[in-house]
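query_26.txt (compact mmCIF, C-alpha atoms) appears below.
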```txt
# COMPACT_ATOMS: atom_id res chain seq x y z
CA MET U 14 -4.67 84.47 123.81
CA ALA U 15 -2.00 86.63 122.18
CA LEU U 16 -3.03 89.01 119.42
CA THR U 17 -0.90 90.50 116.66
CA GLU U 18 -1.44 93.73 114.76
CA VAL U 19 -0.68 94.14 111.06
CA THR U 20 -0.83 97.51 109.30
CA LEU U 21 -1.27 98.83 105.77
CA ASP U 22 0.23 102.31 105.51
CA SER U 23 1.28 103.62 102.10
CA ASP U 24 1.02 106.75 99.99
CA SER U 25 -0.93 104.63 97.48
CA LEU U 26 -3.84 104.17 99.91
CA THR U 27 -5.61 107.34 98.84
CA PHE U 28 -8.67 108.64 97.06
CA ASN U 29 -9.75 112.08 95.90
CA ALA U 30 -13.33 113.10 96.62
CA ALA U 31 -15.56 116.12 97.10
CA HIS U 32 -18.17 116.69 99.77
CA LEU U 33 -20.10 119.34 101.63
CA LEU U 34 -21.08 119.53 105.27
CA THR U 35 -24.08 120.94 107.08
CA PHE U 36 -24.03 122.35 110.60
CA SER U 37 -27.17 123.11 112.56
CA GLY U 38 -27.40 126.38 114.44
CA PRO U 39 -29.17 127.09 117.73
CA VAL U 40 -32.18 124.90 118.50
CA SER U 41 -35.58 126.51 119.07
CA SER U 42 -37.99 125.64 121.87
CA THR U 43 -39.69 123.21 119.45
CA GLY U 44 -36.43 121.30 119.01
CA GLU U 45 -35.77 122.47 115.45
CA ALA U 46 -32.60 124.10 114.22
CA GLU U 47 -33.14 127.85 113.81
CA SER U 48 -30.50 128.02 111.11
CA VAL U 49 -28.25 125.76 109.08
CA THR U 50 -24.79 126.44 107.74
CA VAL U 51 -23.78 124.64 104.57
CA GLU U 52 -20.08 124.49 103.73
CA PRO U 53 -19.19 125.07 100.10
CA LEU U 54 -18.69 121.98 98.00
CA HIS U 55 -14.96 121.18 98.31
CA GLY U 56 -12.56 118.30 97.90
CA HIS U 57 -9.81 116.44 99.71
CA ASP U 58 -6.99 114.06 98.92
CA PHE U 59 -7.95 111.46 101.53
CA ARG U 60 -5.29 109.06 102.83
CA VAL U 61 -6.01 105.80 104.64
CA ARG U 62 -4.04 103.84 107.21
CA VAL U 63 -5.55 100.58 108.43
CA SER U 64 -4.55 98.02 111.06
CA LEU U 65 -5.97 94.62 111.86
CA LEU U 66 -5.52 93.16 115.34
CA GLY U 67 -6.13 89.44 115.62
CA PRO U 68 -4.79 85.96 116.37
CA LEU U 69 -2.25 84.20 114.19
CA ASN U 70 -3.82 81.59 111.95
CA ASP U 71 -2.39 78.13 111.16
CA ASP U 72 0.06 79.76 108.72
CA LYS U 73 1.23 82.09 111.52
CA THR U 74 -0.18 85.21 109.87
CA VAL U 75 -3.06 87.45 110.90
CA ILE U 76 -4.10 87.93 107.26
CA ASP U 77 -2.67 87.68 103.77
CA PHE U 78 -1.21 91.18 103.22
CA ILE U 79 -1.71 91.03 99.45
CA ALA U 80 -5.40 90.12 99.70
CA PHE U 81 -5.91 92.68 102.49
CA ARG U 82 -4.36 95.44 100.37
CA GLU U 83 -6.25 94.46 97.19
CA ILE U 84 -9.60 94.54 99.00
CA LEU U 85 -8.81 97.94 100.53
CA LEU U 86 -7.71 99.40 97.18
CA ALA U 87 -10.89 98.15 95.48
CA LEU U 88 -12.98 99.81 98.20
CA LEU U 89 -11.11 103.12 97.90
CA LEU U 90 -11.54 103.07 94.13
CA GLU U 91 -15.34 103.21 94.60
CA PHE U 92 -14.93 106.63 96.29
CA HIS U 93 -12.21 108.01 93.99
CA HIS U 94 -13.17 111.11 91.98
CA LYS U 95 -16.72 111.13 93.37
CA THR U 96 -18.80 113.75 95.11
CA LEU U 97 -19.87 112.08 98.35
CA LEU U 98 -23.45 112.84 99.41
CA PRO U 99 -25.21 112.06 102.72
CA ARG U 100 -28.41 110.07 102.17
CA ARG U 101 -29.66 110.68 105.76
CA ASN U 102 -29.02 114.42 106.16
CA PRO U 103 -32.15 116.14 107.53
CA PHE U 104 -31.15 119.46 105.93
CA LEU U 105 -30.65 118.19 102.37
CA THR U 106 -33.09 116.78 99.85
CA ILE U 107 -31.43 114.64 97.19
CA THR U 108 -33.42 113.55 94.15
CA THR U 109 -32.64 112.14 90.73
CA GLN U 110 -33.66 113.89 87.51
CA GLY U 111 -32.55 112.00 84.45
CA LYS U 112 -28.80 111.61 84.60
CA ASN U 113 -28.35 114.13 87.45
CA ARG U 114 -28.67 114.23 91.20
CA ILE U 115 -30.30 117.41 92.47
CA ILE U 116 -29.23 118.48 95.97
CA LYS U 117 -31.33 121.15 97.69
CA VAL U 118 -30.98 122.63 101.13
CA ALA U 119 -34.24 121.81 102.91
CA HIS U 120 -34.14 124.56 105.50
CA LYS U 121 -35.63 128.05 105.36
CA SER U 122 -32.32 129.69 106.36
CA GLN U 123 -30.69 128.44 103.14
CA ALA U 124 -33.75 128.31 100.88
CA GLY U 125 -32.94 128.06 97.19
CA LYS U 126 -29.39 126.71 97.54
CA THR U 127 -29.18 123.92 94.95
CA TRP U 128 -26.55 121.82 93.17
CA SER U 129 -26.91 119.54 90.16
CA LEU U 130 -24.33 116.79 89.69
CA PRO U 131 -24.01 113.90 87.26
CA ARG U 132 -25.18 110.68 88.93
CA THR U 133 -22.07 108.89 87.67
CA ASP U 134 -19.85 111.42 89.45
CA SER U 135 -21.63 111.23 92.80
CA LEU U 136 -22.07 108.59 95.45
CA LEU U 137 -24.96 108.49 97.92
CA LEU U 138 -23.75 107.25 101.30
CA PRO U 139 -25.80 105.92 104.24
CA VAL U 140 -24.62 108.70 106.59
CA VAL U 141 -26.08 111.85 108.14
CA ASN U 142 -23.14 114.08 107.21
CA VAL U 143 -20.07 113.25 105.12
CA THR U 144 -17.64 114.08 107.91
CA THR U 145 -14.24 112.47 108.10
CA GLU U 146 -15.49 110.62 111.19
CA GLU U 147 -18.55 109.13 109.47
CA LEU U 148 -16.60 108.34 106.32
CA ALA U 149 -13.91 106.55 108.35
CA MET U 150 -16.56 104.46 110.14
CA LEU U 151 -18.28 103.58 106.85
CA LEU U 152 -14.99 102.53 105.24
CA ALA U 153 -13.95 100.49 108.29
CA LYS U 154 -17.26 98.60 108.45
CA ARG U 155 -17.28 97.91 104.71
CA LEU U 156 -13.66 96.75 104.75
CA PHE U 157 -14.24 94.42 107.72
CA LYS U 158 -17.35 92.97 106.05
CA SER U 159 -15.38 92.36 102.83
CA LEU U 160 -12.67 90.51 104.77
CA VAL U 161 -15.32 88.35 106.47
CA ASP U 162 -17.24 87.71 103.22
CA ARG U 163 -14.03 86.48 101.56
CA ASN U 164 -13.26 84.15 104.50
CA LEU U 165 -9.99 85.90 105.31
CA LEU U 166 -10.72 85.98 109.05
CA PRO U 167 -11.17 82.54 110.67
CA HIS U 168 -13.08 83.83 113.75
CA PRO U 169 -14.53 87.23 112.80
CA ASP U 170 -17.18 87.20 115.50
CA LYS U 171 -14.81 87.48 118.45
CA ASP U 172 -11.12 87.79 117.76
CA TYR U 173 -10.49 90.77 115.47
CA TRP U 174 -10.39 94.57 115.66
CA LEU U 175 -9.93 96.68 112.56
CA THR U 176 -8.69 100.24 113.05
CA LEU U 177 -8.93 102.71 110.20
CA GLU U 178 -7.47 106.21 110.17
CA LEU U 179 -8.73 108.57 107.49
CA GLU U 180 -6.74 111.75 106.89
CA GLU U 181 -8.51 114.53 105.00
CA SER U 182 -5.51 116.87 105.03
CA PRO U 183 -2.07 116.68 106.65
CA GLY U 184 -2.53 116.52 110.41
CA CYS U 185 -6.35 116.26 110.29
CA SER U 186 -7.69 112.74 110.60
CA ALA U 187 -10.30 110.54 112.25
CA CYS U 188 -9.53 107.10 113.60
CA VAL U 189 -12.20 104.45 114.24
CA ALA U 190 -12.10 100.85 115.43
CA VAL U 191 -14.64 98.13 114.63
CA PRO U 192 -14.81 94.54 115.84
```
Would you encode the structure as structure tokens?
Amino acid sequence: MALTEVTLDSDSLTFNAAHLLTFSGPVSSTGEAESVTVEPLHGHDFRVRVSLLGPLNDDKTVIDFIAFREILLALLLEFHHKTLLPRRNPFLTITTQGKNRIIKVAHKSQAGKTWSLPRTDSLLLPVVNVTTEELAMLLAKRLFKSLVDRNLLPHPDKDYWLTLELEESPGCSACVAVP
């Protein structure tokens, strides 16, 4: 079966977001990190490029470009102007106090390091670290699921591959592919 690839690539496929990263240091004999480095909270102008590889449907298209683009833009809007936080990071404790999220480093090497952010300006993500790689994978999976949920892919279980490239700064990007 022949497959065709369609691509969305535009300067409008962007979102601005802040994040921080943690990096574990050397591991002790007990298997625990001896130290943790926490990058300062910082932001990026993320840019997305996405391709969908699949069979032509009865209309001789892989997907309706307009619907594909609208779904992607709605997804990116959820991340726009947010501080992205990792829900599964072993070195951070994130709690809610009133209208704020409190982020504390949960490692003795960075004891006392704390941030307080408005809940409405932050987004908890189901990732270990908000790296470009994990963010790209999360976006790709959510986009593919949205396409399936809206019945835009006739045979989503076997015939399609979605590739998403997320650029955090010019020349620095992660590219992931999901079936």
Length of the CA of Val191 (chain U) to CA of Phe92 (chain U) vector [Å]: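 CA of Phe92 (chain U) lies at a distance of 20.2 Å from CA of Val191 (chain U).
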Contacts of Asn70 (chain U) at 8 Å or less, counting only C-alpha atoms, minus same-chain residues fewer than 5 places along, as a ChimeraX atom specification? /U:75-76,167
So what do you get for CA of Asn102 (chain U) versus CA of Thr35 (chain U), distance-wise? 8.2 Å
Could you please give me, as an NGL selection string, the residues of protein, DNA or RNA lying at most 12 Å from (-12.3, 98.7, 94.6) in the coordinate frame of the file, considering all atoms listed in the file? :U and (26-28 or 81-93 or 152 or 155-156 or 159)
Please produce a file of those selected residues containing C-alpha atoms, as a PDB file, in the frame of the given file.
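Final file, selection.pdb:
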```pdb
ATOM      1  CA  LEU U  26      -3.840 104.170  99.910  1.00  0.00           C
ATOM      2  CA  THR U  27      -5.610 107.340  98.840  1.00  0.00           C
ATOM      3  CA  PHE U  28      -8.670 108.640  97.060  1.00  0.00           C
ATOM      4  CA  PHE U  81      -5.910  92.680 102.490  1.00  0.00           C
ATOM      5  CA  ARG U  82      -4.360  95.440 100.370  1.00  0.00           C
ATOM      6  CA  GLU U  83      -6.250  94.460  97.190  1.00  0.00           C
ATOM      7  CA  ILE U  84      -9.600  94.540  99.000  1.00  0.00           C
ATOM      8  CA  LEU U  85      -8.810  97.940 100.530  1.00  0.00           C
ATOM      9  CA  LEU U  86      -7.710  99.400  97.180  1.00  0.00           C
ATOM     10  CA  ALA U  87     -10.890  98.150  95.480  1.00  0.00           C
ATOM     11  CA  LEU U  88     -12.980  99.810  98.200  1.00  0.00           C
ATOM     12  CA  LEU U  89     -11.110 103.120  97.900  1.00  0.00           C
ATOM     13  CA  LEU U  90     -11.540 103.070  94.130  1.00  0.00           C
ATOM     14  CA  GLU U  91     -15.340 103.210  94.600  1.00  0.00           C
ATOM     15  CA  PHE U  92     -14.930 106.630  96.290  1.00  0.00           C
ATOM     16  CA  HIS U  93     -12.210 108.010  93.990  1.00  0.00           C
ATOM     17  CA  LEU U 152     -14.990 102.530 105.240  1.00  0.00           C
ATOM     18  CA  ARG U 155     -17.280  97.910 104.710  1.00  0.00           C
ATOM     19  CA  LEU U 156     -13.660  96.750 104.750  1.00  0.00           C
ATOM     20  CA  SER U 159     -15.380  92.360 102.830  1.00  0.00           C
TER      21      SER U 159
END
```
Hey, which of U:Thr144, U:Ala80, U:Thr50, U:Ser37 ends up closest to Arg163 (chain U)? Count all atoms listed in the file.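 Between U:Thr144, U:Ala80, U:Thr50, U:Ser37, the residue approaching Arg163 (chain U) most closely is U:Ala80.
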Rank nothing, just name the residue among U:Val118, U:Ile79, U:Ala15, U:Leu179 nearest to Phe36 (chain U), using all atoms listed in the file. U:Val118
Quick one: residues within 12 Å of Asp170 (chain U), all atoms listed in the file, excluding same-chain residues fewer than 2 positions away - as a compact mmCIF listing (two decimals) with C-alpha atoms, keeping the file's coordinate frame?
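Heads up, here's the output in part03.txt:
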```
# COMPACT_ATOMS: atom_id res chain seq x y z
CA GLY U 67 -6.13 89.44 115.62
CA PHE U 157 -14.24 94.42 107.72
CA LYS U 158 -17.35 92.97 106.05
CA VAL U 161 -15.32 88.35 106.47
CA LEU U 166 -10.72 85.98 109.05
CA PRO U 167 -11.17 82.54 110.67
CA HIS U 168 -13.08 83.83 113.75
CA ASP U 172 -11.12 87.79 117.76
CA TYR U 173 -10.49 90.77 115.47
CA TRP U 174 -10.39 94.57 115.66
CA VAL U 191 -14.64 98.13 114.63
CA PRO U 192 -14.81 94.54 115.84
```
Separation of CA of Ser182 (chain U) from CA of Ala149 (chain U), in Å and rounded to one decimal: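 Going from CA of Ser182 (chain U) over to CA of Ala149 (chain U), I get 13.7 Å.
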Between U:Met14, U:Val61, U:Ile116, U:Leu34, which one has atoms that come closest to Glu181 (chain U), using all atoms listed in the file? U:Val61
Taking (-7.1, 116.3, 110.2) as a centre in this file's frame and 12 Å as the limit, can you find every polymer residue with an atom that close, using all atoms listed in the file, and give them as an MDAnalysis selection string? chainID U and resid 57:61 144:146 178:188
Can you tell me, as number ranges by chain, what residues are no more than 7 Å from Leu138 (chain U) when counting all atoms listed in the file, ignoring any on the same chain fewer than 5 positions away? U: 97-100
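Compared by their closest atoms to Ala119 (chain U), and using all atoms listed in the file, the residues U:Leu16, U:Leu33, U:Ile107, U:Ala153 rank with U:Ile107 nearest.
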When you count only C-alpha atoms, which of these residues is closest to Arg114 (chain U): U:Lys126, U:Asn29, U:Lys73, U:Arg132?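 For Arg114 (chain U), the nearest of the given residues is U:Arg132.
Proximity ranking of U:Thr106, U:Arg62, U:Phe78, U:Gly125 relative to Asp24 (chain U) places U:Arg62 first, based on all atoms listed in the file.
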Please output region 45-63 of chain U, rebuilt to include N, CA and C atoms, as a compact mmCIF listing (two decimals), keeping the file's coordinate frame.
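This went into selection_28.txt:
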```txt
# COMPACT_ATOMS: atom_id res chain seq x y z
N GLU U 45 -36.26 122.35 116.82
CA GLU U 45 -35.77 122.47 115.45
C GLU U 45 -34.61 123.45 115.37
N ALA U 46 -33.73 123.19 114.43
CA ALA U 46 -32.60 124.10 114.22
C ALA U 46 -33.13 125.42 113.68
N GLU U 47 -32.71 126.54 114.27
CA GLU U 47 -33.14 127.85 113.81
C GLU U 47 -32.44 128.25 112.52
N SER U 48 -31.24 127.73 112.34
CA SER U 48 -30.50 128.02 111.11
C SER U 48 -29.60 126.84 110.79
N VAL U 49 -29.15 126.81 109.54
CA VAL U 49 -28.25 125.76 109.08
C VAL U 49 -27.14 126.43 108.29
N THR U 50 -25.92 125.99 108.53
CA THR U 50 -24.79 126.44 107.74
C THR U 50 -24.40 125.30 106.81
N VAL U 51 -24.20 125.64 105.55
CA VAL U 51 -23.78 124.64 104.57
C VAL U 51 -22.41 125.06 104.05
N GLU U 52 -21.42 124.21 104.27
CA GLU U 52 -20.08 124.49 103.73
C GLU U 52 -20.12 124.44 102.22
N PRO U 53 -19.28 125.20 101.57
CA PRO U 53 -19.19 125.07 100.10
C PRO U 53 -18.72 123.66 99.71
N LEU U 54 -19.17 123.24 98.55
CA LEU U 54 -18.69 121.98 98.00
C LEU U 54 -17.17 122.10 97.82
N HIS U 55 -16.42 121.14 98.36
CA HIS U 55 -14.96 121.18 98.31
C HIS U 55 -14.41 119.76 98.32
N GLY U 56 -13.14 119.62 98.00
CA GLY U 56 -12.56 118.30 97.90
C GLY U 56 -11.35 118.10 98.78
N HIS U 57 -10.98 116.83 98.92
CA HIS U 57 -9.81 116.44 99.71
C HIS U 57 -9.07 115.32 98.99
N ASP U 58 -7.80 115.22 99.29
CA ASP U 58 -6.99 114.06 98.92
C ASP U 58 -6.92 113.20 100.18
N PHE U 59 -7.86 112.29 100.33
CA PHE U 59 -7.95 111.46 101.53
C PHE U 59 -6.85 110.40 101.50
N ARG U 60 -6.31 110.11 102.68
CA ARG U 60 -5.29 109.06 102.83
C ARG U 60 -5.74 108.11 103.93
N VAL U 61 -5.54 106.82 103.71
CA VAL U 61 -6.01 105.80 104.64
C VAL U 61 -4.84 105.03 105.23
N ARG U 62 -4.95 104.74 106.50
CA ARG U 62 -4.04 103.84 107.21
C ARG U 62 -4.93 102.86 107.94
N VAL U 63 -4.67 101.57 107.80
CA VAL U 63 -5.55 100.58 108.43
C VAL U 63 -4.72 99.50 109.12
```
